[in-house]
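Data from input13.cif: mmCIF, C-alpha atoms and all ligand atoms
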```cif
data_run
#
loop_
_atom_site.label_atom_id
_atom_site.label_comp_id
_atom_site.auth_asym_id
_atom_site.auth_seq_id
_atom_site.Cartn_x
_atom_site.Cartn_y
_atom_site.Cartn_z
CA MET A 474 -5.86 0.66 64.91
CA ASN A 475 -5.57 -2.15 62.37
CA ARG A 476 -2.44 -2.82 60.42
CA ALA A 477 -3.06 -2.48 56.70
CA ILE A 478 -1.98 -4.66 53.79
CA PRO A 479 1.80 -4.48 53.36
CA ASN A 480 3.59 -2.81 50.45
CA HIS A 481 4.34 -5.88 48.36
CA PHE A 482 0.62 -6.39 47.73
CA TYR A 483 0.84 -3.27 45.57
CA THR A 484 4.27 -3.44 44.03
CA THR A 485 4.88 -6.85 42.50
CA ARG A 486 3.60 -8.67 39.46
CA GLU A 487 3.69 -11.97 41.35
CA GLN A 488 1.17 -10.67 43.88
CA PHE A 489 -0.94 -9.18 41.09
CA LEU A 490 -1.16 -12.50 39.26
CA GLU A 491 -1.92 -14.30 42.50
CA GLU A 492 -4.82 -11.92 43.09
CA ARG A 493 -6.05 -12.61 39.57
CA GLU A 494 -6.02 -16.32 40.25
CA ARG A 495 -7.32 -16.35 43.81
CA ILE A 496 -9.59 -13.30 44.01
CA PHE A 497 -10.90 -12.42 40.55
CA ALA A 498 -10.96 -15.66 38.58
CA PRO A 499 -13.13 -17.78 40.89
CA MET A 500 -15.85 -15.16 41.42
CA TRP A 501 -18.06 -12.83 39.41
CA THR A 502 -16.14 -9.77 38.30
CA CYS A 503 -17.34 -6.76 36.33
CA ILE A 504 -15.34 -6.02 33.17
CA GLY A 505 -17.48 -3.46 31.34
CA PHE A 506 -20.82 -2.31 29.99
CA ALA A 507 -23.26 -4.09 27.70
CA SER A 508 -24.16 -0.71 26.18
CA ASP A 509 -20.65 -0.58 24.66
CA ILE A 510 -21.73 -3.33 22.24
CA PRO A 511 -25.37 -2.48 21.47
CA ASN A 512 -25.65 -4.14 18.02
CA ALA A 513 -25.02 -7.59 16.58
CA GLY A 514 -21.44 -7.70 15.32
CA ASP A 515 -20.12 -5.17 17.84
CA VAL A 516 -16.84 -6.09 19.51
CA TYR A 517 -15.05 -4.45 22.43
CA PRO A 518 -11.62 -5.59 23.65
CA VAL A 519 -10.76 -5.35 27.35
CA GLU A 520 -7.34 -5.90 28.85
CA PHE A 521 -8.17 -7.26 32.28
CA MET A 522 -5.34 -8.17 34.66
CA GLU A 523 -3.03 -8.84 31.71
CA LEU A 524 -5.67 -11.06 30.12
CA PRO A 525 -6.78 -10.02 26.64
CA LEU A 526 -10.57 -10.46 26.56
CA VAL A 527 -13.19 -9.36 24.05
CA MET A 528 -16.89 -8.67 24.52
CA VAL A 529 -18.95 -9.63 21.46
CA ARG A 530 -22.62 -9.19 20.54
CA ASP A 531 -23.48 -12.25 18.44
CA LEU A 532 -26.03 -12.48 15.63
CA ASP A 533 -28.72 -13.63 18.10
CA HIS A 534 -28.00 -10.47 20.07
CA ARG A 535 -26.46 -12.43 22.89
CA LEU A 536 -23.50 -10.94 24.73
CA ARG A 537 -20.48 -13.21 24.89
CA VAL A 538 -16.98 -12.81 26.28
CA PHE A 539 -14.03 -14.69 24.78
CA HIS A 540 -10.32 -14.83 25.35
CA ASN A 541 -9.21 -12.40 22.64
CA VAL A 542 -6.56 -14.76 21.27
CA CYS A 543 -6.38 -16.71 18.03
CA ARG A 544 -6.19 -20.46 18.55
CA HIS A 545 -3.52 -20.74 15.84
CA ARG A 546 -0.48 -18.79 17.02
CA GLY A 547 -1.98 -16.58 19.66
CA HIS A 548 -2.29 -13.29 17.81
CA ILE A 549 -4.68 -10.81 19.43
CA LEU A 550 -7.91 -10.94 17.43
CA VAL A 551 -9.63 -7.62 18.15
CA SER A 552 -7.49 -4.59 18.94
CA GLU A 553 -10.09 -1.79 18.76
CA PRO A 554 -13.77 -1.44 19.66
CA GLY A 555 -15.91 -1.54 16.54
CA THR A 556 -18.21 -3.63 14.39
CA VAL A 557 -17.11 -6.74 12.52
CA LYS A 558 -20.48 -7.61 10.94
CA GLN A 559 -20.48 -11.44 10.89
CA ASN A 560 -17.01 -12.80 11.64
CA ILE A 561 -13.83 -12.18 13.55
CA ARG A 562 -10.82 -12.62 11.29
CA CYS A 563 -7.34 -12.98 12.71
CA PRO A 564 -5.01 -10.35 11.23
CA TYR A 565 -2.09 -12.82 11.08
CA HIS A 566 -3.05 -15.82 8.86
CA ALA A 567 -6.75 -15.00 8.47
CA TRP A 568 -8.26 -17.83 10.47
CA THR A 569 -11.87 -16.74 10.85
CA TYR A 570 -14.34 -17.29 13.70
CA ASP A 571 -18.06 -16.65 13.79
CA LEU A 572 -19.54 -14.51 16.54
CA SER A 573 -20.39 -17.51 18.67
CA GLY A 574 -16.68 -18.41 18.65
CA CYS A 575 -16.71 -21.32 16.16
CA LEU A 576 -13.70 -21.57 13.87
CA LEU A 577 -15.12 -21.23 10.37
CA ARG A 578 -12.20 -20.88 7.97
CA THR A 579 -8.54 -21.87 7.98
CA PRO A 580 -7.15 -20.61 4.66
CA HIS A 581 -4.31 -22.62 3.05
CA ILE A 582 -4.06 -24.89 6.08
CA GLY A 583 -3.44 -27.90 3.87
CA GLY A 584 -1.18 -26.11 1.34
CA PHE A 585 -1.86 -23.27 -1.05
CA GLY A 586 -5.55 -23.08 -1.90
CA ILE A 587 -6.44 -26.05 0.33
CA ASN A 588 -8.44 -24.91 3.33
CA GLU A 589 -8.64 -28.18 5.26
CA VAL A 590 -6.16 -30.70 6.47
CA GLU A 591 -6.28 -34.22 7.82
CA ASN A 592 -6.33 -34.69 11.58
CA PHE A 593 -7.40 -31.15 12.26
CA ASP A 594 -10.92 -30.78 13.59
CA ARG A 595 -12.00 -27.16 13.40
CA SER A 596 -14.66 -27.74 16.05
CA GLU A 597 -11.91 -28.25 18.62
CA PHE A 598 -10.35 -24.87 17.90
CA GLY A 599 -13.16 -22.44 18.60
CA LEU A 600 -12.54 -19.38 20.76
CA ASN A 601 -12.34 -20.00 24.46
CA GLU A 602 -15.47 -18.55 25.98
CA ILE A 603 -15.91 -17.20 29.50
CA ALA A 604 -19.11 -17.41 31.60
CA THR A 605 -20.97 -14.09 31.63
CA ALA A 606 -23.86 -12.46 33.43
CA GLU A 607 -25.48 -9.06 32.97
CA TRP A 608 -26.98 -6.83 35.62
CA ASN A 609 -28.20 -3.31 34.84
CA ASP A 610 -25.86 -2.83 31.87
CA LEU A 611 -22.90 -4.26 33.77
CA VAL A 612 -21.07 -7.22 32.27
CA PHE A 613 -19.73 -9.73 34.78
CA VAL A 614 -17.50 -12.68 34.01
CA ASN A 615 -16.50 -15.76 35.95
CA MET A 616 -13.18 -16.82 34.50
CA THR A 617 -12.96 -20.26 36.11
CA GLY A 618 -16.62 -21.09 35.48
CA THR A 619 -16.82 -22.43 39.03
CA ALA A 620 -18.57 -19.59 40.87
CA SER A 621 -21.98 -20.18 42.40
CA SER A 622 -24.91 -18.57 40.61
CA PHE A 623 -24.75 -14.92 39.66
CA ASP A 624 -28.06 -14.35 41.45
CA ALA A 625 -26.52 -15.57 44.69
CA PHE A 626 -23.63 -13.15 44.17
CA ILE A 627 -25.71 -10.06 43.40
CA SER A 628 -28.76 -10.62 45.62
CA PRO A 629 -27.33 -8.97 48.79
CA LEU A 630 -26.93 -5.70 46.87
CA VAL A 631 -30.31 -6.11 45.16
CA ASP A 632 -31.93 -6.63 48.57
CA ARG A 633 -30.14 -3.65 50.05
CA TRP A 634 -31.27 -1.28 47.28
CA GLU A 635 -34.83 -2.42 46.78
CA PRO A 636 -36.13 -0.28 49.68
CA LEU A 637 -34.55 2.71 47.94
CA TRP A 638 -35.28 2.48 44.20
CA GLY A 639 -38.03 -0.09 44.52
CA LYS A 640 -38.69 -2.93 42.13
CA THR A 641 -38.98 -0.60 39.13
CA GLY A 642 -35.69 1.27 39.60
CA PRO A 643 -33.42 -1.03 37.56
CA ASP A 644 -35.77 -1.05 34.54
CA LEU A 645 -35.86 2.74 34.48
CA LEU A 646 -32.11 3.28 34.12
CA ARG A 647 -31.23 5.25 31.01
CA LEU A 648 -27.78 6.00 29.65
CA PRO A 649 -27.72 9.35 27.82
CA LYS A 650 -25.65 9.60 24.65
CA GLN A 651 -23.71 12.55 25.99
CA HIS A 652 -22.22 13.45 29.35
CA SER A 653 -22.57 9.93 30.65
CA ARG A 654 -19.01 8.56 30.44
CA ILE A 655 -15.83 9.23 32.37
CA HIS A 656 -12.57 7.49 31.60
CA LEU A 657 -9.58 7.70 33.95
CA ASP A 658 -6.16 6.06 33.90
CA LEU A 659 -4.27 5.70 37.16
CA ASN A 660 -0.66 4.81 37.79
CA ALA A 661 -1.65 2.83 40.85
CA ASN A 662 -2.64 -0.62 42.01
CA TRP A 663 -6.35 -1.39 41.73
CA LYS A 664 -6.74 -1.87 45.50
CA LEU A 665 -5.74 1.71 46.23
CA ALA A 666 -8.56 2.97 44.00
CA VAL A 667 -10.99 0.75 45.90
CA GLU A 668 -9.62 1.70 49.33
CA ASN A 669 -9.87 5.39 48.58
CA TYR A 670 -13.51 4.94 47.57
CA LEU A 671 -14.26 3.10 50.81
CA GLU A 672 -13.76 6.06 53.12
CA ALA A 673 -15.02 9.61 53.49
CA TYR A 674 -12.14 10.52 55.82
CA HIS A 675 -10.38 12.39 53.00
CA LEU A 676 -13.44 14.45 52.03
CA PRO A 677 -12.56 17.77 53.74
CA SER A 678 -8.98 17.84 52.46
CA VAL A 679 -9.29 16.30 48.97
CA HIS A 680 -12.85 17.26 47.98
CA PRO A 681 -13.61 20.60 49.66
CA GLY A 682 -16.37 21.30 47.11
CA LEU A 683 -18.10 17.96 47.70
CA ASN A 684 -17.60 18.30 51.44
CA ARG A 685 -19.48 21.61 51.41
CA VAL A 686 -22.65 19.93 50.04
CA SER A 687 -22.07 16.49 51.57
CA PRO A 688 -19.93 16.93 54.69
CA LEU A 689 -17.91 14.20 56.35
CA GLN A 690 -20.02 14.23 59.53
CA ASP A 691 -23.16 13.22 57.59
CA HIS A 692 -21.64 9.96 56.40
CA ASP A 693 -21.87 6.43 57.77
CA LEU A 694 -20.21 3.25 56.67
CA HIS A 695 -22.05 0.10 55.71
CA LEU A 696 -20.25 -3.25 55.91
CA SER A 697 -21.40 -6.59 54.59
CA ASP A 698 -19.75 -9.73 53.23
CA THR A 699 -19.89 -8.84 49.55
CA PHE A 700 -19.89 -5.04 49.56
CA ALA A 701 -19.08 -2.11 51.79
CA GLY A 702 -18.88 1.62 51.62
CA GLN A 703 -20.16 5.04 52.43
CA ILE A 704 -23.71 6.11 53.09
CA SER A 705 -24.55 9.78 52.86
CA HIS A 706 -27.50 11.30 54.73
CA CYS A 707 -27.27 14.67 53.05
CA TYR A 708 -27.66 14.10 49.33
CA ASN A 709 -28.47 17.39 47.71
CA LEU A 710 -31.23 16.76 45.20
CA GLY A 711 -31.71 19.68 42.88
CA SER A 712 -28.46 21.46 43.44
CA GLY A 713 -28.37 22.45 39.77
CA ASN A 714 -29.76 25.70 38.43
CA ASP A 715 -32.52 24.00 36.44
CA GLY A 716 -34.26 22.13 39.25
CA HIS A 717 -33.60 18.43 39.42
CA PHE A 718 -33.76 15.27 37.29
CA PRO A 719 -36.69 12.87 37.44
CA VAL A 720 -36.36 10.66 40.52
CA PHE A 721 -36.95 6.92 40.93
CA PRO A 722 -40.75 6.80 41.37
CA GLU A 723 -40.61 4.37 44.30
CA TRP A 724 -37.91 6.34 46.17
CA SER A 725 -39.82 7.86 49.07
CA THR A 726 -39.59 11.61 49.54
CA ASP A 727 -38.47 11.28 53.15
CA GLN A 728 -35.38 9.47 51.86
CA PHE A 729 -34.35 12.06 49.29
CA LYS A 730 -31.30 12.92 51.40
CA GLU A 731 -30.07 9.32 51.28
CA ALA A 732 -27.37 8.13 48.89
CA GLU A 733 -25.10 5.10 48.98
CA TYR A 734 -21.59 4.58 47.60
CA PRO A 735 -20.64 0.93 48.02
CA VAL A 736 -17.88 -1.11 46.46
CA LEU A 737 -19.17 -4.45 45.28
CA PHE A 738 -16.06 -6.51 45.93
CA PRO A 739 -13.69 -6.70 44.29
CA ASN A 740 -13.86 -3.97 41.65
CA THR A 741 -17.26 -2.34 41.10
CA MET A 742 -17.80 1.07 42.70
CA LEU A 743 -21.35 2.36 42.66
CA GLY A 744 -23.22 5.49 43.64
CA ILE A 745 -26.99 5.43 43.97
CA GLN A 746 -28.93 8.64 44.51
CA PRO A 747 -32.66 9.42 44.19
CA ASP A 748 -32.13 10.80 40.67
CA HIS A 749 -29.19 8.92 39.20
CA LEU A 750 -26.85 6.00 39.45
CA PHE A 751 -23.20 5.93 38.55
CA VAL A 752 -21.02 2.89 38.22
CA MET A 753 -17.24 2.97 38.10
CA VAL A 754 -15.62 -0.27 37.02
CA VAL A 755 -12.06 -0.62 38.23
CA ILE A 756 -10.08 -2.48 35.57
CA PRO A 757 -6.68 -3.63 36.81
CA GLU A 758 -4.24 -3.64 33.89
CA SER A 759 -1.00 -4.33 35.73
CA PHE A 760 0.13 -4.15 39.35
CA ASP A 761 0.64 -0.38 39.07
CA ARG A 762 -1.75 0.57 36.27
CA THR A 763 -5.54 0.76 36.55
CA ARG A 764 -8.30 1.99 34.30
CA GLU A 765 -11.55 3.36 35.68
CA GLU A 766 -14.60 3.38 33.40
CA THR A 767 -17.63 5.24 34.69
CA ARG A 768 -21.18 5.52 33.36
CA LEU A 769 -23.91 7.83 34.64
CA TYR A 770 -27.48 6.56 34.39
CA TYR A 771 -30.64 8.62 34.83
CA VAL A 772 -34.27 7.72 35.53
CA GLY A 773 -36.76 6.99 32.77
CA ASP A 774 -37.19 8.36 29.25
CA GLU A 775 -38.09 11.80 30.53
CA SER A 776 -34.59 12.22 31.92
CA LEU A 777 -33.24 12.12 28.34
CA GLN A 778 -35.22 15.20 27.29
CA PRO A 779 -33.13 18.10 25.94
CA ARG A 780 -34.35 20.32 28.78
CA PHE A 781 -32.10 18.31 31.09
CA ASP A 782 -29.02 18.69 28.87
CA ASN A 783 -27.49 21.49 30.92
CA LEU A 784 -28.15 19.74 34.20
CA ARG A 785 -26.66 16.50 32.86
CA GLN A 786 -23.59 18.40 31.74
CA GLU A 787 -23.25 19.97 35.20
CA GLN A 788 -23.69 16.61 36.90
CA HIS A 789 -21.10 15.02 34.63
CA GLN A 790 -18.67 17.84 35.36
CA PHE A 791 -19.31 17.53 39.09
CA TRP A 792 -18.44 13.83 39.22
CA SER A 793 -15.56 14.25 36.75
CA ASP A 794 -14.02 16.86 39.07
CA VAL A 795 -14.53 14.74 42.18
CA PHE A 796 -13.04 11.62 40.59
CA ALA A 797 -10.14 13.63 39.16
CA GLU A 798 -9.39 14.94 42.66
CA ASP A 799 -8.90 11.33 43.77
CA ILE A 800 -6.28 10.54 41.14
CA SER A 801 -3.40 12.37 42.76
CA VAL A 802 -3.97 10.83 46.21
CA VAL A 803 -4.25 7.32 44.81
CA THR A 804 -1.12 7.65 42.65
CA SER A 805 0.71 9.24 45.59
CA MET A 806 -0.18 6.25 47.79
CA GLN A 807 1.28 4.01 45.08
CA ALA A 808 4.50 6.06 45.11
CA GLY A 809 4.58 5.77 48.90
CA ARG A 810 4.61 2.00 48.63
CA ALA A 811 8.09 2.11 47.09
CA SER A 812 9.36 3.44 50.41
CA THR A 813 11.52 1.28 52.66
CA GLY A 814 10.37 3.50 55.55
CA PHE A 815 6.72 2.43 55.26
CA ASP A 816 5.01 -0.94 55.02
CA GLY A 817 1.28 -0.57 54.52
CA GLY A 818 0.52 1.73 57.45
CA VAL A 819 -2.51 1.58 59.72
CA LEU A 820 -6.26 2.03 59.43
CA THR A 821 -8.11 4.33 61.81
CA PRO A 822 -10.88 2.70 63.88
CA PHE A 823 -13.86 4.93 63.00
CA MET A 824 -13.22 6.29 59.53
CA GLU A 825 -11.65 3.28 57.82
CA THR A 826 -13.62 0.26 58.98
CA ALA A 827 -14.81 -0.45 55.43
CA THR A 828 -11.20 -0.36 54.24
CA ALA A 829 -10.29 -2.78 57.04
CA ARG A 830 -13.16 -5.04 55.96
CA PHE A 831 -11.86 -4.99 52.39
CA HIS A 832 -8.36 -5.84 53.56
CA GLN A 833 -9.66 -8.80 55.54
CA TRP A 834 -11.66 -9.89 52.51
CA VAL A 835 -8.54 -9.75 50.32
CA GLY A 836 -6.47 -11.50 52.99
CA GLU A 837 -8.98 -14.33 53.33
CA ARG A 838 -8.82 -14.98 49.60
CA VAL A 839 -5.07 -14.98 49.26
CA GLY A 840 -4.54 -16.86 52.53
CA VAL A 841 -2.84 -14.09 54.52
CA GLN A 842 -3.89 -12.84 57.93
CA ILE A 843 -4.46 -9.06 57.77
CA GLY A 844 -5.13 -6.69 60.63
S1 LIG B 901 -2.28 -16.50 14.61
FE1 LIG B 901 -4.29 -16.21 13.97
S2 LIG B 901 -4.37 -17.08 12.01
FE2 LIG B 901 -2.35 -17.44 12.64
FE FE B 902 -12.49 10.73 47.00
#
```

If you took the structure in this file and wrote it as C-alpha cells, what would it be?
Amino acid sequence: MNRAIPNHFYTTREQFLEERERIFAPMWTCIGFASDIPNAGDVYPVEFMELPLVMVRDLDHRLRVFHNVCRHRGHILVSEPGTVKQNIRCPYHAWTYDLSGCLLRTPHIGGFGINEVENFDRSEFGLNEIATAEWNDLVFVNMTGTASSFDAFISPLVDRWEPLWGKTGPDLLRLPKQHSRIHLDLNANWKLAVENYLEAYHLPSVHPGLNRVSPLQDHDLHLSDTFAGQISHCYNLGSGNDGHFPVFPEWSTDQFKEAEYPVLFPNTMLGIQPDHLFVMVVIPESFDRTREETRLYYVGDESLQPRFDNLRQEQHQFWSDVFAEDISVVTSMQAGRASTGFDGGVLTPFMETATARFHQWVGERVGVQIG
C-alpha cells in the first residue's frame, strides 16, 4: 500500500497557488475549447486557478489567450462569453484594445478631450498574451512560455491512439450543436476529480449502471510519464436502440470492444471509443472549487445527421448520469480532508496504481516525496 498525498494538498490556498506555479504554469495545460470562439471577434473568459484569462478569436481568425486584465487599473476586461466585433473596451475608463492585444485608445489620458499624453507609449501597454497551442479543439496554454514544444508534450498520447483511430481519426471529429456539452461544478480540489477518474475501483458501488455494461474486471490501467488511466476491454458499441454511430474508419473491427480513459496530466480527462470521443477539462478555480467542462465529439459528417439525434441524446444522458454520480464521492472526499482523524489515506496496490503514479507526478513537481 502506498501512502497518498496528505490533507493540506487539498485544503489550503497556499498549496493551491504553489501548484499553479510549479505544476501548471511551466507546462502545457488545457483551459477550454476552440469551438467556444468560432468566429472573429468572439471572446470567452476563463477563471483558471484564480487567474482571469480570456480566449479571443482575432480578425485573422487566430486564437489567442490574454490575461483578462486592463493594463490601466486592472479592471477585468471581459466578464461574459460573447462577440465584441473589433475591439475589447475596458468598462472602467474605456481604454480600448484590438483583438491582437494592442492598446488602441486611451480616452482623456492627457486631460479632457486629449487622448494622448507625453511619456506614455501605448505600444508598451498592450494586453499580456500567453503562449497557446490547439489540438483537436482543445486549447492549451503555457503560462510561463518556457515549456518545450507542444508537439513534444502531446506526441506520447498521439502515438498511443494512432493504432486505434488511425491517422484520419482527429480530422473526423465533429461537435454536434446539441447534446454535446456537460458542465459540472464541484466543491472539491481539482486533484480529487482527477484521482477519481484514474481508477475503476469505485465502479460497482458508484456506477452500478455503467458496471453492468462495462464491469470492473474488464478494466486495466495504463501508466506512462505524461498520462495514465483506465482501459476498458468491453466497450459496448451499439447499446442504443437505433444501432450505433459511425465509427472511426481506421478502427479495426476486432478492437471494437476497446476504449481508453486516460488523464493527460495535469487536468485533461479523455475517453476514446470506436464511435466517439469525450474530453473533460478540469478547471481549478480555487483550492476547493473546480469546474468540469465536457464535450462529446462524433465521427464524420454523417454522425451529425438527424437520424442520430435520439442516439446522441441517449449517449449524452448516459455520460451526464455517470459524471453526476462522481460528484458526490469527490465532494465527500474533500469534506473528509477537513478531518483531524485522517491524513490522505492509502492507495491499494492493484486498483489505484494510476492514482499512485499521479501522486508521484505531483510530488516530483512540488518537491515532496510521496508514497
Ligand atoms: S481600468 Fe481599464 S480603463 Fe481604467
Ligand atoms: Fe466514476

Would you mind telling me which residue in A:Pro779, A:Pro719, A:Pro649, A:Pro677 lies nearest to ligand FE 902 (chain B) when using only C-alpha atoms and all ligand atoms?
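Closest residue, counting only C-alpha atoms and all ligand atoms: A:Pro677.
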
May I ask which of the residues A:Phe751, A:Phe791, A:Phe738, A:Tyr770 is the closest one to His832 of chain A, counting only C-alpha atoms?
A:Phe738

At a cut-off of 9 Å from (-9.3, 17.0, 47.4) in the coordinates of the file, what residues are picked up using all atoms listed in the file, written as an NGL selection string?
:A and (675-683 or 795 or 797-799 or 801-802)

Shell of 12 Å around ligand LIG 901 (chain B) (only C-alpha atoms and all ligand atoms), written as JSON, numbers by chain
{"A": [541, 542, 543, 544, 545, 546, 547, 548, 549, 550, 551, 561, 562, 563, 564, 565, 566, 567, 568, 569, 570, 576, 577, 578, 579, 580, 581, 582, 598, 599, 600]}

May I have the residues within 8 Å of His656 of chain A as an MDAnalysis selection string, using all atoms listed in the file and disregarding those fewer than 4 positions away in the same chain?
chainID A and resid 764:767

With C-alpha atoms retained, export the selected residues as an mmCIF file, in the frame of the given file.
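Printed below is selection_15.cif as written:
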```cif
data_model
loop_
_atom_site.group_PDB
_atom_site.id
_atom_site.type_symbol
_atom_site.label_atom_id
_atom_site.label_comp_id
_atom_site.auth_asym_id
_atom_site.auth_seq_id
_atom_site.Cartn_x
_atom_site.Cartn_y
_atom_site.Cartn_z
ATOM 1 C CA ARG A 764 -8.300 1.990 34.300
ATOM 2 C CA GLU A 765 -11.550 3.360 35.680
ATOM 3 C CA GLU A 766 -14.600 3.380 33.400
ATOM 4 C CA THR A 767 -17.630 5.240 34.690
#
```

Hey, could you make a per-residue contact list for segment 568-618 of chain A against segment 480-502 of chain A with 12 Å as the cut-off, showing the nearest pair of atoms and its distance in Å to one decimal, counting all atoms listed in the file, sorted by chain and number, as CSV?
```
residue,atom,partner,partner_atom,distance
A:Ile603,CA,A:Ala498,CA,10.5
A:Ala604,CA,A:Trp501,CA,9.1
A:Thr605,CA,A:Trp501,CA,8.4
A:Ala606,CA,A:Trp501,CA,8.3
A:Glu607,CA,A:Trp501,CA,10.5
A:Trp608,CA,A:Trp501,CA,11.4
A:Leu611,CA,A:Thr502,CA,9.8
A:Val612,CA,A:Thr502,CA,8.2
A:Phe613,CA,A:Thr502,CA,5.0
A:Val614,CA,A:Thr502,CA,5.4
A:Asn615,CA,A:Trp501,CA,4.8
A:Met616,CA,A:Ala498,CA,4.8
A:Thr617,CA,A:Pro499,CA,5.4
A:Gly618,CA,A:Pro499,CA,7.2
```

Preceding selection exported with C-alpha atoms as a PDB file, in the frame of the given file:
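part.pdb written:
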```pdb
ATOM      1  CA  ILE A 603     -15.910 -17.200  29.500  1.00  0.00           C
ATOM      2  CA  ALA A 604     -19.110 -17.410  31.600  1.00  0.00           C
ATOM      3  CA  THR A 605     -20.970 -14.090  31.630  1.00  0.00           C
ATOM      4  CA  ALA A 606     -23.860 -12.460  33.430  1.00  0.00           C
ATOM      5  CA  GLU A 607     -25.480  -9.060  32.970  1.00  0.00           C
ATOM      6  CA  TRP A 608     -26.980  -6.830  35.620  1.00  0.00           C
ATOM      7  CA  LEU A 611     -22.900  -4.260  33.770  1.00  0.00           C
ATOM      8  CA  VAL A 612     -21.070  -7.220  32.270  1.00  0.00           C
ATOM      9  CA  PHE A 613     -19.730  -9.730  34.780  1.00  0.00           C
ATOM     10  CA  VAL A 614     -17.500 -12.680  34.010  1.00  0.00           C
ATOM     11  CA  ASN A 615     -16.500 -15.760  35.950  1.00  0.00           C
ATOM     12  CA  MET A 616     -13.180 -16.820  34.500  1.00  0.00           C
ATOM     13  CA  THR A 617     -12.960 -20.260  36.110  1.00  0.00           C
ATOM     14  CA  GLY A 618     -16.620 -21.090  35.480  1.00  0.00           C
TER      15      GLY A 618
END
```

For Val529 of chain A, work out the shell of residues within 10 Å, counting only C-alpha atoms and skipping chain neighbours fewer than 3 positions away, then give it as a short mmCIF file (atom, residue, chain, number, x, y, z; two decimals) with C-alpha atoms, keeping the file's coordinate frame.
```cif
data_model
loop_
_atom_site.label_atom_id
_atom_site.label_comp_id
_atom_site.auth_asym_id
_atom_site.auth_seq_id
_atom_site.Cartn_x
_atom_site.Cartn_y
_atom_site.Cartn_z
CA ALA A 507 -23.26 -4.09 27.70
CA ASP A 509 -20.65 -0.58 24.66
CA ILE A 510 -21.73 -3.33 22.24
CA PRO A 511 -25.37 -2.48 21.47
CA ASN A 512 -25.65 -4.14 18.02
CA ALA A 513 -25.02 -7.59 16.58
CA GLY A 514 -21.44 -7.70 15.32
CA ASP A 515 -20.12 -5.17 17.84
CA VAL A 516 -16.84 -6.09 19.51
CA TYR A 517 -15.05 -4.45 22.43
CA PRO A 518 -11.62 -5.59 23.65
CA LEU A 526 -10.57 -10.46 26.56
CA LEU A 532 -26.03 -12.48 15.63
CA HIS A 534 -28.00 -10.47 20.07
CA ARG A 535 -26.46 -12.43 22.89
CA LEU A 536 -23.50 -10.94 24.73
CA ARG A 537 -20.48 -13.21 24.89
CA VAL A 538 -16.98 -12.81 26.28
CA PHE A 539 -14.03 -14.69 24.78
CA PRO A 554 -13.77 -1.44 19.66
CA GLY A 555 -15.91 -1.54 16.54
CA THR A 556 -18.21 -3.63 14.39
CA VAL A 557 -17.11 -6.74 12.52
CA ILE A 561 -13.83 -12.18 13.55
CA LEU A 572 -19.54 -14.51 16.54
CA SER A 573 -20.39 -17.51 18.67
CA GLY A 574 -16.68 -18.41 18.65
#
```
